[in-house]
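Working notes, beginning with the structure itself.
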Amino acid sequence: MPKIRYANMCHWKSIPYKKIDNFRQFYYEDNTNIAYYSDWDNILKYQSALGFDGIEIAPWDLADILPLFGSPENFTAFAKERGVEVIGMFHGAHASHAADHFDEAVRAGREAVDTIVRFGGTYMNTCPTQNYFGTGPLSREEVQQCAKVMNEIGRYATDHGVKLGLHNEFFCAINLPNHRELIESTDPRLVHYCIDTAQISILGEDLLTFYNDYHDRISTFHLKDTASANQPDSVRYAQDPEITDDGTRWFWEPGQGDLDFKGLYRLLKQHAFKGWMSIEYDGSPDMLASMAMTRYYLDNELRPIYD
Amino acid sequence: MNAEAIAISLDLINRHHQEPNRNRYESRYFWEELYSLVSTAGFSAIEMPYEPVWQFGGRSGVPFNRYCVNTKYGTAADFRAVLSASGVDRVIGITFDPNLFMRNGNLDFYFGASGHFANEALSHAADMGADYFAISPSPFYGRIAQYHPDLEGKTEAFTERTLALLGGLATKAQELGVTLVLRNEYWSLFGGMRILPLIDALPRTVKLDLDTASLFVAGVDASDFLKARIERIGSVHLTDTNFVDTHDVWKSPNPEYPRDHATQVFRDPGTGSVDFAAITALLGMLDYQGPIICSARQTRDPFRALLRTRALLNTFTT
């Protein structure tokens with residue numbers, strides 16, 4: 001049994017069909033490859049064929065998935081028939097730093113946990129609050145408020161068999177000056193951490209040092225590469241930096257950037273990490289190609305170090 | 001009929017569904033090159049959808065709402081200057097549909113959010129110098145039914161609240177000098193001929209859109225629709241389709257993607273079954289002087305669609 005199982009964070013844009021029964025006919029309507037990216041049947045089969053046995057969905061997928069499948073349980077069963085299980089869902093804890101937003105932030109977090117449970121998932125990777133621009137810098141009290149919300153949602157998640165993992169983006173109000181302060185202000189029994197390898201590196205953390213320091217808090221990973229580590233405040237605190245004007249990519253498939261993934265895998269082995277690891281392809285123009293490229297890299301470069 | 005005056009809708013760019021290379025659509029560089037390609041294809045006027053979704057989460061590369069325009073360009077006037085420098089002289093109209101806000105069983109949320117953003121979109125239309133603001137007065141029928149299974153019993157109340165929202169927009173539109181236009185997409189609670197009670201209950205300043213493909217799918221003859229109410233038509237969308245709705249797809253939650261039989265509902269203009277020669281001849285005969293917009297919604301290739309559309313329009317003038 002492998003120590004690490006691999007999933008994909010769902011970055012497919014809206015998939016309009018459940019299953020296309022008239023595939024050839026649909027293809028011939030305009031002879032383009034759109035037919036290959038239009039139904040969950042094939043998307044899940046691509047994942048399964050490439051050895052990604054899990055999928056982590058995003059809350060913005062729900063508006064399309066639920067009408068298409070009728071319920072979270074139906075989607076889970078459909079995915080399972082194709083060899084894929086739903087491991088969890090991302091969650092954005094909007095304005096959790098604001099004391100007057102406590103009830104709403106906790107309510108939304110609990111609802112997300114309930115949704116994950118219905119999908120059969122066990123991970124809720126959670127961005128602790130919104131973008132830095134327009135919000136930061138946070139005061140010490142606001143960071144503590146954020147921790148209070150995470151603890152409260154984390155308690156509910158734990159009680160329902162879900163692991164809340166803090167997930168930081170490089171452009172959020174929780175940023176380099178208060179990133180570790182937030183982690184250390186939360187209850188380790190209730191609040192875990194999902195390392196997004198590229199995001200924390202762009203933020204200014206050293207990936208290997210960070211994992212070493214917090215290995216006992218790590219619930220899972222979002223594995224992706226970057227060639228843009230240690231960005232300055234002027235970039236991280238700018239308005240809407242995630243999608244660049246000129247098409248510059250922050251994120252790359254593992255092995256296509258500069259991060260020391262072999263070093264990370266040696267540490268995973270040292271700390272005997274066990275669990276799911278989601279690969280992320282945000283920014284990729286071709287997610288199927290990215291998946292295949294990643295599978296080759298995992299099998300030939302990383303899994304020989306630790307599997 | 002002057003084919004040179006016909007606008008193209010930027011709804012030909014697929015913003016929401018998966019396809020290879022679609023990530024580029026979220027960056028500013030893509031759009032700024034597109035404007036010059038639109039112009040090169042012979043279009044000096046465009047229609048732009050208004051989509052609040054692009055202002056959530058700090059991604060503002062898609063120029064389809066006021067926040068994104070202001071973030072990237074400062075003001076609507078500055079954005080219009082960029083368009084003009086690319087050969088796009090006019091934003092002829094702004095469109096808005098409320099599907100994003102039909103996401104739970106709370107109608108107060110739906111009407112509150114739809115009203116807020118529709119008002120913002122209307123103000124944006126004025127800032128952009130648009131002639132009209134075309135609103136879809138309901139989300140997908142099937143999406144409403146997903147969250148309100150008792151929709152049939154709620155239709156009267158839903159219609160009353162819709163009328164109140166539209167009435168407010170009508171007053172504001174008149175103040176701003178923008179024509180409020182109602183769309184009657186085949187998938188709407190007010191699709192096809194179901195729009196008529198709604199338009200009859202609103203001031204005469206509120207106009208109707210004529211969308212050739214939507215009427216085709218709804219089983220309504222576009223020429224008859226046009227002849228019967230030419231004085232109320234405020235915009236004409238030249239759209240194409242081959243789709244015949246024999247299984248009440250219009251009532252399904254995702255009606256532009258028929259669930260039992262995958263097909264491209266909207267085809268590039270000129271590649272489907274709509275009789276454009278007849279409808280454009282009728283527009284000329286009736287001396288229709290309002291906006292005409294081509295739309296290649298759901299195209300598989302936006303750049304080919306631009307040229308296909310221009311090729312079609314060229315046949316009107318030769």
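We name chains A, B, ... following the order of the structure tokens; residues begin at 1 in each chain, and ligands are numbered from 1 as shown.
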
Determine, for each residue of chain A having at least one atom at most 10 Å from an atom of chain B, the closest pair of atoms and their separation in Å to one decimal, counting only C-alpha atoms; order by chain and ascending number, as a Markdown table.
| residue | atom | partner | partner_atom | distance |
| --- | --- | --- | --- | --- |
| A:His11 | CA | B:Gln18 | CA | 9.3 |
| A:Trp12 | CA | B:Gln18 | CA | 6.0 |
| A:Lys13 | CA | B:Gln18 | CA | 4.6 |
| A:Ser14 | CA | B:His17 | CA | 4.5 |
| A:Ile15 | CA | B:His17 | CA | 6.1 |
| A:Pro16 | CA | B:Tyr257 | CA | 6.3 |
| A:Tyr17 | CA | B:Arg259 | CA | 6.5 |
| A:Lys18 | CA | B:Arg259 | CA | 7.7 |
| A:Lys19 | CA | B:Arg259 | CA | 8.4 |
| A:Ile20 | CA | B:Ala262 | CA | 6.1 |
| A:Asp21 | CA | B:His261 | CA | 7.1 |
| A:Asn22 | CA | B:His261 | CA | 6.6 |
| A:Phe23 | CA | B:Ala262 | CA | 7.7 |
| A:Gln25 | CA | B:Thr263 | CA | 8.5 |
| A:Phe26 | CA | B:Thr263 | CA | 5.9 |
| A:Tyr27 | CA | B:Thr263 | CA | 9.1 |
| A:Glu29 | CA | B:Gln264 | CA | 7.5 |
| A:Asp30 | CA | B:Arg300 | CA | 7.4 |
| A:Asn31 | CA | B:Arg300 | CA | 9.2 |
| A:Thr32 | CA | B:Arg300 | CA | 6.9 |
| A:Asn33 | CA | B:Glu19 | CA | 8.0 |
| A:Ile34 | CA | B:Glu19 | CA | 6.0 |
| A:Ala35 | CA | B:Ala262 | CA | 8.9 |
| A:Tyr36 | CA | B:Glu19 | CA | 8.5 |
| A:Tyr37 | CA | B:Glu19 | CA | 6.0 |
| A:Ser38 | CA | B:Gln18 | CA | 6.9 |
| A:Asp39 | CA | B:Ala262 | CA | 9.5 |
| A:Leu62 | CA | B:Arg103 | CA | 9.1 |
| A:Ala63 | CA | B:Arg103 | CA | 6.5 |
| A:Asp64 | CA | B:Asn254 | CA | 8.2 |
| A:Leu66 | CA | B:Gln146 | CA | 8.9 |
| A:Pro67 | CA | B:Pro253 | CA | 5.9 |
| A:Leu68 | CA | B:Pro253 | CA | 7.5 |
| A:Gly70 | CA | B:Gln146 | CA | 8.6 |
| A:Gly92 | CA | B:Gly57 | CA | 9.4 |
| A:His94 | CA | B:Gly57 | CA | 9.8 |
| A:Gln130 | CA | B:Gly57 | CA | 7.8 |
| A:Asn131 | CA | B:Gly58 | CA | 7.2 |
| A:Phe133 | CA | B:Gly58 | CA | 9.0 |
| A:Phe171 | CA | B:Gly58 | CA | 9.4 |
| A:Gln239 | CA | B:Gly58 | CA | 7.3 |
| A:Asp240 | CA | B:Gly58 | CA | 4.5 |
| A:Pro241 | CA | B:Gly58 | CA | 7.6 |
| A:Glu242 | CA | B:Arg59 | CA | 6.7 |
| A:Ile243 | CA | B:Arg59 | CA | 6.1 |
| A:Thr244 | CA | B:Ser27 | CA | 6.2 |
| A:Asp245 | CA | B:Arg28 | CA | 4.7 |
| A:Asp246 | CA | B:Tyr29 | CA | 5.3 |
| A:Gly247 | CA | B:Ser27 | CA | 6.1 |
| A:Thr248 | CA | B:Ser27 | CA | 9.3 |
| A:Asp282 | CA | B:Asn23 | CA | 8.7 |
| A:Gly283 | CA | B:Asn23 | CA | 6.4 |
| A:Ser284 | CA | B:Asn23 | CA | 7.1 |
| A:Pro285 | CA | B:Asn21 | CA | 4.3 |
| A:Asp286 | CA | B:Pro20 | CA | 5.1 |
| A:Met287 | CA | B:Pro20 | CA | 7.7 |
| A:Leu288 | CA | B:Pro20 | CA | 8.9 |
| A:Ala289 | CA | B:Pro20 | CA | 9.8 |

Selected residues written out with C-alpha atoms, as a PDB file, in the first residue's frame:
ATOM      1  CA  HIS A  11      -9.452  23.245 -11.875  1.00  0.00           C
ATOM      2  CA  TRP A  12     -11.605  22.140 -14.769  1.00  0.00           C
ATOM      3  CA  LYS A  13     -13.941  24.946 -15.711  1.00  0.00           C
ATOM      4  CA  SER A  14     -17.594  24.055 -15.835  1.00  0.00           C
ATOM      5  CA  ILE A  15     -18.124  20.593 -17.341  1.00  0.00           C
ATOM      6  CA  PRO A  16     -21.565  20.726 -18.939  1.00  0.00           C
ATOM      7  CA  TYR A  17     -22.399  17.049 -19.406  1.00  0.00           C
ATOM      8  CA  LYS A  18     -22.535  14.062 -17.116  1.00  0.00           C
ATOM      9  CA  LYS A  19     -21.927  11.540 -19.892  1.00  0.00           C
ATOM     10  CA  ILE A  20     -22.000  11.984 -23.649  1.00  0.00           C
ATOM     11  CA  ASP A  21     -23.604   8.974 -25.288  1.00  0.00           C
ATOM     12  CA  ASN A  22     -23.439  10.391 -28.828  1.00  0.00           C
ATOM     13  CA  PHE A  23     -19.701  11.156 -28.684  1.00  0.00           C
ATOM     14  CA  GLN A  25     -21.874  12.582 -33.536  1.00  0.00           C
ATOM     15  CA  PHE A  26     -21.022  15.429 -31.129  1.00  0.00           C
ATOM     16  CA  TYR A  27     -17.448  15.454 -32.393  1.00  0.00           C
ATOM     17  CA  GLU A  29     -20.695  18.730 -35.395  1.00  0.00           C
ATOM     18  CA  ASP A  30     -17.637  20.939 -35.722  1.00  0.00           C
ATOM     19  CA  ASN A  31     -14.661  18.513 -35.772  1.00  0.00           C
ATOM     20  CA  THR A  32     -12.957  20.100 -32.743  1.00  0.00           C
ATOM     21  CA  ASN A  33     -11.646  18.651 -29.502  1.00  0.00           C
ATOM     22  CA  ILE A  34     -14.378  20.247 -27.381  1.00  0.00           C
ATOM     23  CA  ALA A  35     -16.085  16.863 -27.163  1.00  0.00           C
ATOM     24  CA  TYR A  36     -13.096  15.573 -25.205  1.00  0.00           C
ATOM     25  CA  TYR A  37     -13.554  18.120 -22.413  1.00  0.00           C
ATOM     26  CA  SER A  38     -17.306  18.269 -22.025  1.00  0.00           C
ATOM     27  CA  ASP A  39     -18.386  15.382 -19.797  1.00  0.00           C
ATOM     28  CA  LEU A  62     -21.265  23.097  -6.943  1.00  0.00           C
ATOM     29  CA  ALA A  63     -23.557  25.347  -8.989  1.00  0.00           C
ATOM     30  CA  ASP A  64     -22.924  23.077 -11.974  1.00  0.00           C
ATOM     31  CA  LEU A  66     -25.501  19.700  -8.229  1.00  0.00           C
ATOM     32  CA  PRO A  67     -28.025  20.359 -11.027  1.00  0.00           C
ATOM     33  CA  LEU A  68     -26.173  17.866 -13.227  1.00  0.00           C
ATOM     34  CA  GLY A  70     -28.925  15.910  -8.382  1.00  0.00           C
ATOM     35  CA  GLY A  92     -12.625  30.366   1.415  1.00  0.00           C
ATOM     36  CA  HIS A  94     -14.149  35.227   3.768  1.00  0.00           C
ATOM     37  CA  GLN A 130      -9.461  37.297   1.643  1.00  0.00           C
ATOM     38  CA  ASN A 131      -6.854  39.173  -0.402  1.00  0.00           C
ATOM     39  CA  PHE A 133      -5.304  44.364  -1.102  1.00  0.00           C
ATOM     40  CA  PHE A 171      -1.751  37.389  -2.079  1.00  0.00           C
ATOM     41  CA  GLN A 239      -4.619  44.418  -6.452  1.00  0.00           C
ATOM     42  CA  ASP A 240      -5.628  41.138  -8.098  1.00  0.00           C
ATOM     43  CA  PRO A 241      -2.145  39.688  -8.765  1.00  0.00           C
ATOM     44  CA  GLU A 242      -3.251  36.065  -9.269  1.00  0.00           C
ATOM     45  CA  ILE A 243      -4.064  36.368 -12.973  1.00  0.00           C
ATOM     46  CA  THR A 244      -1.370  38.432 -14.618  1.00  0.00           C
ATOM     47  CA  ASP A 245      -2.041  40.940 -17.380  1.00  0.00           C
ATOM     48  CA  ASP A 246       0.598  39.534 -19.715  1.00  0.00           C
ATOM     49  CA  GLY A 247      -0.054  35.820 -19.182  1.00  0.00           C
ATOM     50  CA  THR A 248       2.940  35.214 -16.901  1.00  0.00           C
ATOM     51  CA  ASP A 282      -4.122  26.275 -12.084  1.00  0.00           C
ATOM     52  CA  GLY A 283      -2.752  28.276 -14.990  1.00  0.00           C
ATOM     53  CA  SER A 284      -2.297  25.292 -17.261  1.00  0.00           C
ATOM     54  CA  PRO A 285      -3.605  25.656 -20.807  1.00  0.00           C
ATOM     55  CA  ASP A 286      -4.086  21.902 -21.095  1.00  0.00           C
ATOM     56  CA  MET A 287      -4.957  20.044 -17.941  1.00  0.00           C
ATOM     57  CA  LEU A 288      -4.939  16.627 -19.541  1.00  0.00           C
ATOM     58  CA  ALA A 289      -1.375  17.164 -20.761  1.00  0.00           C
TER      59      ALA A 289
END

Open item on the list: Give me, as a PyMOL selection string, all polymer residues having an atom no more than 10 Å from Tyr67 in chain B, counting only C-alpha atoms and skipping those fewer than 6 positions away in the same chain.
Closed with: chain B and resi 52+54-56+60+73-75+120+124

Once you have the residues from the selection above, write them out as a CSV table (one decimal), in the first residue's frame, restricted to N, CA and C atoms.
chain,number,residue,atom,x,y,z
B,52,PRO,N,-20.8,39.7,-13.1
B,52,PRO,CA,-20.3,40.0,-11.8
B,52,PRO,C,-19.2,39.0,-11.3
B,54,TRP,N,-16.6,37.9,-12.3
B,54,TRP,CA,-15.2,38.2,-12.5
B,54,TRP,C,-14.6,39.2,-11.4
B,55,GLN,N,-15.5,39.7,-10.6
B,55,GLN,CA,-15.0,40.6,-9.6
B,55,GLN,C,-14.8,39.9,-8.2
B,56,PHE,N,-15.2,38.6,-8.2
B,56,PHE,CA,-15.1,37.9,-7.0
B,56,PHE,C,-13.8,37.1,-7.0
B,60,SER,N,-9.4,40.0,-12.2
B,60,SER,CA,-10.1,41.0,-12.9
B,60,SER,C,-9.7,41.2,-14.4
B,73,TYR,N,-8.2,49.7,-16.0
B,73,TYR,CA,-8.1,50.9,-16.9
B,73,TYR,C,-8.4,52.2,-16.1
B,74,GLY,N,-8.9,52.2,-14.9
B,74,GLY,CA,-9.1,53.4,-14.2
B,74,GLY,C,-10.6,53.8,-14.3
B,75,THR,N,-11.0,54.1,-15.5
B,75,THR,CA,-12.4,54.5,-15.7
B,75,THR,C,-12.9,53.9,-17.0
B,120,GLU,N,-26.1,48.1,-11.2
B,120,GLU,CA,-24.7,48.4,-11.4
B,120,GLU,C,-24.4,48.3,-12.9
B,124,HIS,N,-23.2,51.0,-15.6
B,124,HIS,CA,-22.0,50.7,-16.5
B,124,HIS,C,-22.3,50.9,-17.9

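The list of residues with at least one atom within 10 Å of Leu37 in chain B, based on only C-alpha atoms and without residues fewer than 6 positions apart in the same chain, reads Trp31, Phe43, Ser86, Gly87, Val88, Phe303, Leu306 and Leu307 of chain B.
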
Open item on the list: Quick one: residues within 9 Å of Val236 in chain B, only C-alpha atoms, excluding same-chain residues fewer than 4 positions away - as a VMD selection string?
Closed with: chain B and resid 208 to 212 290 to 294

Open item on the list: Quick one: residues within 12 Å of Leu268 in chain A, only C-alpha atoms, excluding same-chain residues fewer than 6 positions away - as a ChimeraX atom specification?
Closed with: /A:3-4,208,211-212,214-216,218,220-221,261-262,274-275,277,302-303,305-307

TODO: Write out as a ChimeraX atom specification all residues of range 2-110 of chain B that backbone DSSP assigns to alpha helix (DSSP H).
DONE: /B:28-40,66-73,76-85,107-110

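Shortest separation to Asp233 in chain A among A:Leu203, A:Val84, A:Leu259, A:Val117 occurs at residue A:Leu203, atoms counted being only C-alpha atoms.
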